[in-house]
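Inspection log for the structure reproduced underneath, given as structure tokens.
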Amino acid sequence: MARLNINRLTPWRCAFQWLVSLALLAIPFIRIDGRSLLRLDIPTLTLHLFGSSWHIEELYLFLLLSIALVLLFLLVTVVLGRVWCGWACPQTTLADLAEGLARRLGLRPKDGRLIGPAWKKWLVQGLFALLALLVGANLVWYFVSPYAFFPRLLGADLSLAVLVAWLATALVVYLDLALVRRLLCRDFCPYGRFQTALVDPGTLTLRFPTEETGRCLQCGACVRSCPMGIDIRRGFQVECINCGRCLDACRDVMARRHQPGIIRYSFGSEKRGRRALFSPRPVLLFLAFLAILAGLVASTVNRPHAAVKLRRSPAAAPQVLDDGQVATFFSAVVDNRSSDKVVLHLEARSPAGASVELRGPVAGLHLAANERRVVSFAVIAPAPQKQQRIEIHLLDANGRTLATGDIFLVPLPGGSHDRSAP
């Protein structure tokens, strides 16, 4: 009889883990029109995402994105259970990599310890330290562009905050690789406990069907292969990370008897199969996720192409000019939110029809895509007898108003003081 096709999952899982890991390493290096694919710039409180830049003022976009991610997290958990833990979680990937390095050097992982010669243990600890530095740097690259990180590192010019963040993260990762590994998944990770509350009749699980107990050879291969040290034959256990190692071990053993493996992935009940996915909870989560995602996309596409934020300069007092007019000093934060280079200029208009003029570098502002610039200028107007509202228009090269903001001029008490209302 021909040997059965075993269809082992381990090569697929390892390939997926490598793909995710390489993607996490590569994303900070990818740029779209000179902008990071994904990076949170702390000094400017700006999120660079897929070629677009969201500033902190656009908080509603962050809110929609957060809600969408939470709903996606819940949906994936309800549908796929703990497959995330075994196939994509960085903690599992790091633990697999650490134990794989140890085995390559002839060490044997057992109960969280590495068994073997002392010099090999020291060697693998050095590899753990290098890996931890890489992981720590990779996290920092999502906040500091690697194109700025490496020149500053080589020039010994990294800021103290960046250096501390890098080394602190590397230390945590090293301790994880050297001491913790599977212990975190088994005893401390809250996701497994949280997932038990979200189990649905259609949730994907790795199971040992009780009706197949008679075919079990009691060989223990599934227990020996489990990185968490559990026995899947005892039913659902919160420590199971659904990695599929026991499934492969069972298939290997049963294939020698020309029989299919006993352990399998299934969506809920065997009798319902994939139809179990169409229960109310996953369907409602899916529809809610689509609705929020559509709102996020629509809000991003239809958001204003430019914005202007105004405030009076606190360091410069108003001045009375020779012609009797008053110069009041302001600054404007001009924000080009589009993906194209633009030429902008500022213009002052008085709804009351009063004469008003802007002086300063307010014309011919060349802004690159998603660039933000601070412009200082003076508002020249007759001394107001009462509070006067002035509109500041941000115009494009064709004279079209892209954004507006208001400033307020008030009478000068005693001819020497002025203030603007927000």
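In the structure tokens, chains take the letters A, B, ... in the order shown, each chain's residues start at 1, and ligands count up from 1 in the order shown.
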Exercise for the section: Pick out each residue of region 152-302 of chain A that DSSP on the backbone tags as strand (DSSP E or B); I need them as a PyMOL selection string. Expected result: chain A and resi 204-207+264-267
Exercise for the section: Apply DSSP to the backbone of this structure and, from region 37-116 of chain A, keep only the residues in helix (DSSP H, G or I); write these as a PyMOL selection string. Expected result: chain A and resi 59-80+83-87+90-104
Same residues, N, CA and C atoms, output as a compact mmCIF listing (two decimals), in the first residue's frame:
# COMPACT_ATOMS: atom_id res chain seq x y z
N LEU A 59 -7.47 63.39 16.00
CA LEU A 59 -7.67 62.34 16.99
C LEU A 59 -8.79 61.38 16.60
N TYR A 60 -9.76 61.87 15.87
CA TYR A 60 -10.88 60.99 15.49
C TYR A 60 -10.39 59.86 14.60
N LEU A 61 -9.33 60.09 13.79
CA LEU A 61 -8.79 59.03 12.96
C LEU A 61 -8.11 57.97 13.82
N PHE A 62 -7.37 58.40 14.85
CA PHE A 62 -6.76 57.46 15.78
C PHE A 62 -7.83 56.64 16.49
N LEU A 63 -8.93 57.30 16.86
CA LEU A 63 -10.02 56.60 17.54
C LEU A 63 -10.62 55.53 16.65
N LEU A 64 -10.91 55.88 15.40
CA LEU A 64 -11.48 54.90 14.46
C LEU A 64 -10.50 53.75 14.22
N LEU A 65 -9.21 54.08 14.07
CA LEU A 65 -8.21 53.04 13.86
C LEU A 65 -8.14 52.11 15.06
N SER A 66 -8.18 52.66 16.27
CA SER A 66 -8.11 51.84 17.48
C SER A 66 -9.32 50.92 17.59
N ILE A 67 -10.51 51.46 17.30
CA ILE A 67 -11.72 50.63 17.37
C ILE A 67 -11.65 49.52 16.33
N ALA A 68 -11.18 49.85 15.12
CA ALA A 68 -11.07 48.84 14.06
C ALA A 68 -10.10 47.73 14.47
N LEU A 69 -8.97 48.09 15.08
CA LEU A 69 -7.99 47.08 15.50
C LEU A 69 -8.55 46.20 16.62
N VAL A 70 -9.28 46.81 17.55
CA VAL A 70 -9.89 46.02 18.63
C VAL A 70 -10.91 45.04 18.07
N LEU A 71 -11.74 45.50 17.16
CA LEU A 71 -12.74 44.60 16.56
C LEU A 71 -12.07 43.50 15.75
N LEU A 72 -10.99 43.83 15.04
CA LEU A 72 -10.27 42.80 14.28
C LEU A 72 -9.66 41.78 15.23
N PHE A 73 -9.10 42.26 16.34
CA PHE A 73 -8.53 41.36 17.34
C PHE A 73 -9.60 40.41 17.88
N LEU A 74 -10.77 40.94 18.21
CA LEU A 74 -11.85 40.10 18.73
C LEU A 74 -12.33 39.11 17.67
N LEU A 75 -12.44 39.57 16.42
CA LEU A 75 -12.91 38.69 15.34
C LEU A 75 -11.93 37.55 15.11
N VAL A 76 -10.64 37.86 15.04
CA VAL A 76 -9.63 36.82 14.84
C VAL A 76 -9.65 35.83 16.00
N THR A 77 -9.82 36.33 17.22
CA THR A 77 -9.85 35.46 18.39
C THR A 77 -11.06 34.54 18.36
N VAL A 78 -12.22 35.09 18.02
CA VAL A 78 -13.45 34.28 17.98
C VAL A 78 -13.38 33.22 16.89
N VAL A 79 -12.79 33.57 15.74
CA VAL A 79 -12.76 32.64 14.61
C VAL A 79 -11.59 31.66 14.70
N LEU A 80 -10.39 32.17 15.00
CA LEU A 80 -9.19 31.33 14.94
C LEU A 80 -8.67 30.90 16.30
N VAL A 83 -4.74 30.18 17.48
CA VAL A 83 -3.82 29.98 16.36
C VAL A 83 -2.83 31.13 16.30
N TRP A 84 -3.26 32.34 16.69
CA TRP A 84 -2.34 33.48 16.76
C TRP A 84 -1.14 33.13 17.63
N CYS A 85 -1.41 32.49 18.78
CA CYS A 85 -0.32 32.18 19.72
C CYS A 85 0.70 31.25 19.10
N GLY A 86 0.24 30.22 18.42
CA GLY A 86 1.16 29.22 17.89
C GLY A 86 1.80 29.57 16.57
N TRP A 87 1.15 30.47 15.80
CA TRP A 87 1.62 30.73 14.44
C TRP A 87 2.19 32.13 14.23
N PRO A 90 4.87 37.06 18.43
CA PRO A 90 6.33 37.24 18.52
C PRO A 90 6.96 36.47 19.67
N GLN A 91 6.24 36.31 20.78
CA GLN A 91 6.79 35.56 21.91
C GLN A 91 7.06 34.12 21.51
N THR A 92 6.10 33.50 20.81
CA THR A 92 6.29 32.12 20.36
C THR A 92 7.42 32.04 19.36
N THR A 93 7.49 32.99 18.43
CA THR A 93 8.55 33.00 17.43
C THR A 93 9.92 33.12 18.10
N LEU A 94 10.05 34.00 19.09
CA LEU A 94 11.33 34.16 19.78
C LEU A 94 11.70 32.90 20.55
N ALA A 95 10.70 32.29 21.20
CA ALA A 95 10.98 31.05 21.94
C ALA A 95 11.40 29.94 20.98
N ASP A 96 10.72 29.82 19.84
CA ASP A 96 11.09 28.81 18.85
C ASP A 96 12.50 29.05 18.34
N LEU A 97 12.82 30.33 18.07
CA LEU A 97 14.14 30.66 17.55
C LEU A 97 15.22 30.38 18.59
N ALA A 98 14.95 30.73 19.85
CA ALA A 98 15.93 30.49 20.91
C ALA A 98 16.20 29.00 21.08
N GLU A 99 15.14 28.20 21.11
CA GLU A 99 15.32 26.77 21.28
C GLU A 99 15.95 26.14 20.04
N GLY A 100 15.62 26.70 18.85
CA GLY A 100 16.23 26.20 17.62
C GLY A 100 17.73 26.46 17.60
N LEU A 101 18.15 27.67 18.04
CA LEU A 101 19.58 27.97 18.11
C LEU A 101 20.28 27.04 19.10
N ALA A 102 19.64 26.78 20.23
CA ALA A 102 20.24 25.90 21.23
C ALA A 102 20.42 24.49 20.67
N ARG A 103 19.43 23.99 19.97
CA ARG A 103 19.54 22.64 19.40
C ARG A 103 20.63 22.58 18.34
N ARG A 104 20.75 23.64 17.54
CA ARG A 104 21.80 23.66 16.51
C ARG A 104 23.19 23.58 17.14
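One distance worth recording is that between CA of Leu358 (chain A) and CA of Ile380 (chain A), which is 6.1 Å.
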Exercise for the section: Record the distance separating CA of Ala403 (chain A) and CA of Ala332 (chain A), expressed in Å with one decimal. Expected result: 11.9 Å
Handout entry: Selection: 12 Å around Lys309 (chain A), only C-alpha atoms, excl. self and same-chain fewer than 3 positions, as a list in words
Key = Glu57, Ala306, Arg312, Phe330, Ser331, Ala332, Val333, Val334, Asp335, Asn336, Leu346, Arg372, Arg373, Val374, Val375, Ser376, Glu391, Ile392, His393, Leu394, Ala403, Thr404, Gly405, Asp406, Ile407 and Pro422 of chain A
Can you write out the residues you just picked, keeping C-alpha atoms, as a PDB file, in the first residue's frame?
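File out-v7.pdb, as written:
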ATOM      1  CA  GLU A  57      -5.121  67.015  15.973  1.00  0.00           C
ATOM      2  CA  ALA A 306      -4.723  71.374   4.346  1.00  0.00           C
ATOM      3  CA  ARG A 312      -0.727  85.011  18.986  1.00  0.00           C
ATOM      4  CA  PHE A 330       0.924  85.790  15.306  1.00  0.00           C
ATOM      5  CA  SER A 331       2.199  82.389  14.224  1.00  0.00           C
ATOM      6  CA  ALA A 332       0.447  79.840  12.046  1.00  0.00           C
ATOM      7  CA  VAL A 333       1.019  76.114  11.818  1.00  0.00           C
ATOM      8  CA  VAL A 334       0.393  75.318   8.162  1.00  0.00           C
ATOM      9  CA  ASP A 335      -0.265  71.641   7.488  1.00  0.00           C
ATOM     10  CA  ASN A 336      -0.243  70.083   4.011  1.00  0.00           C
ATOM     11  CA  LEU A 346      -2.015  83.164   3.808  1.00  0.00           C
ATOM     12  CA  ARG A 372       4.008  70.920   8.416  1.00  0.00           C
ATOM     13  CA  ARG A 373       5.544  74.398   8.799  1.00  0.00           C
ATOM     14  CA  VAL A 374       5.360  77.202  11.338  1.00  0.00           C
ATOM     15  CA  VAL A 375       4.995  80.692   9.831  1.00  0.00           C
ATOM     16  CA  SER A 376       5.332  83.915  11.835  1.00  0.00           C
ATOM     17  CA  GLU A 391     -10.305  85.651   9.200  1.00  0.00           C
ATOM     18  CA  ILE A 392      -7.041  84.053   8.051  1.00  0.00           C
ATOM     19  CA  HIS A 393      -7.490  82.100   4.821  1.00  0.00           C
ATOM     20  CA  LEU A 394      -5.078  79.431   3.623  1.00  0.00           C
ATOM     21  CA  ALA A 403      -8.713  76.150   5.350  1.00  0.00           C
ATOM     22  CA  THR A 404      -9.603  79.107   7.556  1.00  0.00           C
ATOM     23  CA  GLY A 405      -8.924  80.240  11.080  1.00  0.00           C
ATOM     24  CA  ASP A 406      -9.924  83.200  13.235  1.00  0.00           C
ATOM     25  CA  ILE A 407      -7.886  85.657  15.254  1.00  0.00           C
ATOM     26  CA  PRO A 422      -8.721  82.134  21.011  1.00  0.00           C
TER      27      PRO A 422
END
With only C-alpha atoms counted and 10 Å as the cut-off, give the residues of region 200-278 of chain A in contact with region 107-124 of chain A, each with its shortest interatomic distance in Å and the pair that gives it, as a Markdown table.
| residue | atom | partner | partner_atom | distance |
| --- | --- | --- | --- | --- |
| A:Pro227 | CA | A:Asp111 | CA | 9.6 |
| A:Met228 | CA | A:Asp111 | CA | 9.4 |
| A:Gly229 | CA | A:Asp111 | CA | 8.6 |
Pick out the residues sitting within 6 Å of region 381-387 of chain A, and hand them over as a short mmCIF file (atom, residue, chain, number, x, y, z; two decimals) with N, CA and C atoms, in the first residue's frame; count only C-alpha atoms, and ignore anything fewer than 4 positions along from it in its own chain.
data_model
loop_
_atom_site.label_atom_id
_atom_site.label_comp_id
_atom_site.auth_asym_id
_atom_site.auth_seq_id
_atom_site.Cartn_x
_atom_site.Cartn_y
_atom_site.Cartn_z
N GLN A 325 -1.46 102.72 12.62
CA GLN A 325 -1.97 101.35 12.62
C GLN A 325 -1.20 100.51 13.64
N VAL A 326 -1.79 99.37 13.99
CA VAL A 326 -1.21 98.50 15.02
C VAL A 326 -0.76 97.20 14.37
N VAL A 356 -7.10 95.43 6.49
CA VAL A 356 -6.23 94.52 7.22
C VAL A 356 -5.21 93.96 6.23
N LEU A 409 -8.63 90.79 17.46
CA LEU A 409 -7.91 91.98 17.92
C LEU A 409 -8.82 92.75 18.86
N VAL A 410 -8.24 93.28 19.92
CA VAL A 410 -9.02 94.06 20.88
C VAL A 410 -8.36 95.42 21.05
N PRO A 411 -9.08 96.38 21.56
CA PRO A 411 -8.49 97.72 21.76
C PRO A 411 -7.27 97.66 22.67
#
Handout entry: Coordinates-based distance that separates CA of Leu344 (chain A) from CA of His366 (chain A) (Å, one decimal)
Key = 6.6 Å
Problem - Spatial neighbours of Leu38 (chain A), max dist 8 Å, only C-alpha atoms, sep filter under 6 positions, as an MDAnalysis selection string - result: chainID A and resid 27:28 47:50 142
Could the residues in this selection be written to a file with C-alpha atoms, as a tab-separated table (two decimals), in the first residue's frame?
chain	number	residue	atom	x	y	z
A	27	ILE	CA	8.55	47.64	7.31
A	28	PRO	CA	10.58	50.45	8.95
A	47	LEU	CA	1.59	58.74	12.72
A	48	HIS	CA	2.97	57.86	9.29
A	49	LEU	CA	0.78	55.12	7.85
A	50	PHE	CA	0.88	53.78	4.28
A	142	TYR	CA	8.98	52.21	14.47
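Considering only C-alpha atoms, the residue among A:Leu177, A:Ala307, A:Ala15, A:Val320 positioned nearest to Ala132 (chain A) is A:Leu177.
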Practice task
Would you please work out which residue, of A:Pro318, A:Gly261, A:Gly295, A:Gly399, is nearest to Cys246 (chain A) when using only C-alpha atoms?
Solution key: A:Gly261
Problem - Test item: residues at most 12 Å from Gly51 (chain A), only C-alpha atoms, excluding those fewer than 6 positions along its chain, as a PyMOL selection string - result: chain A and resi 30-39+300+337-340+369-370
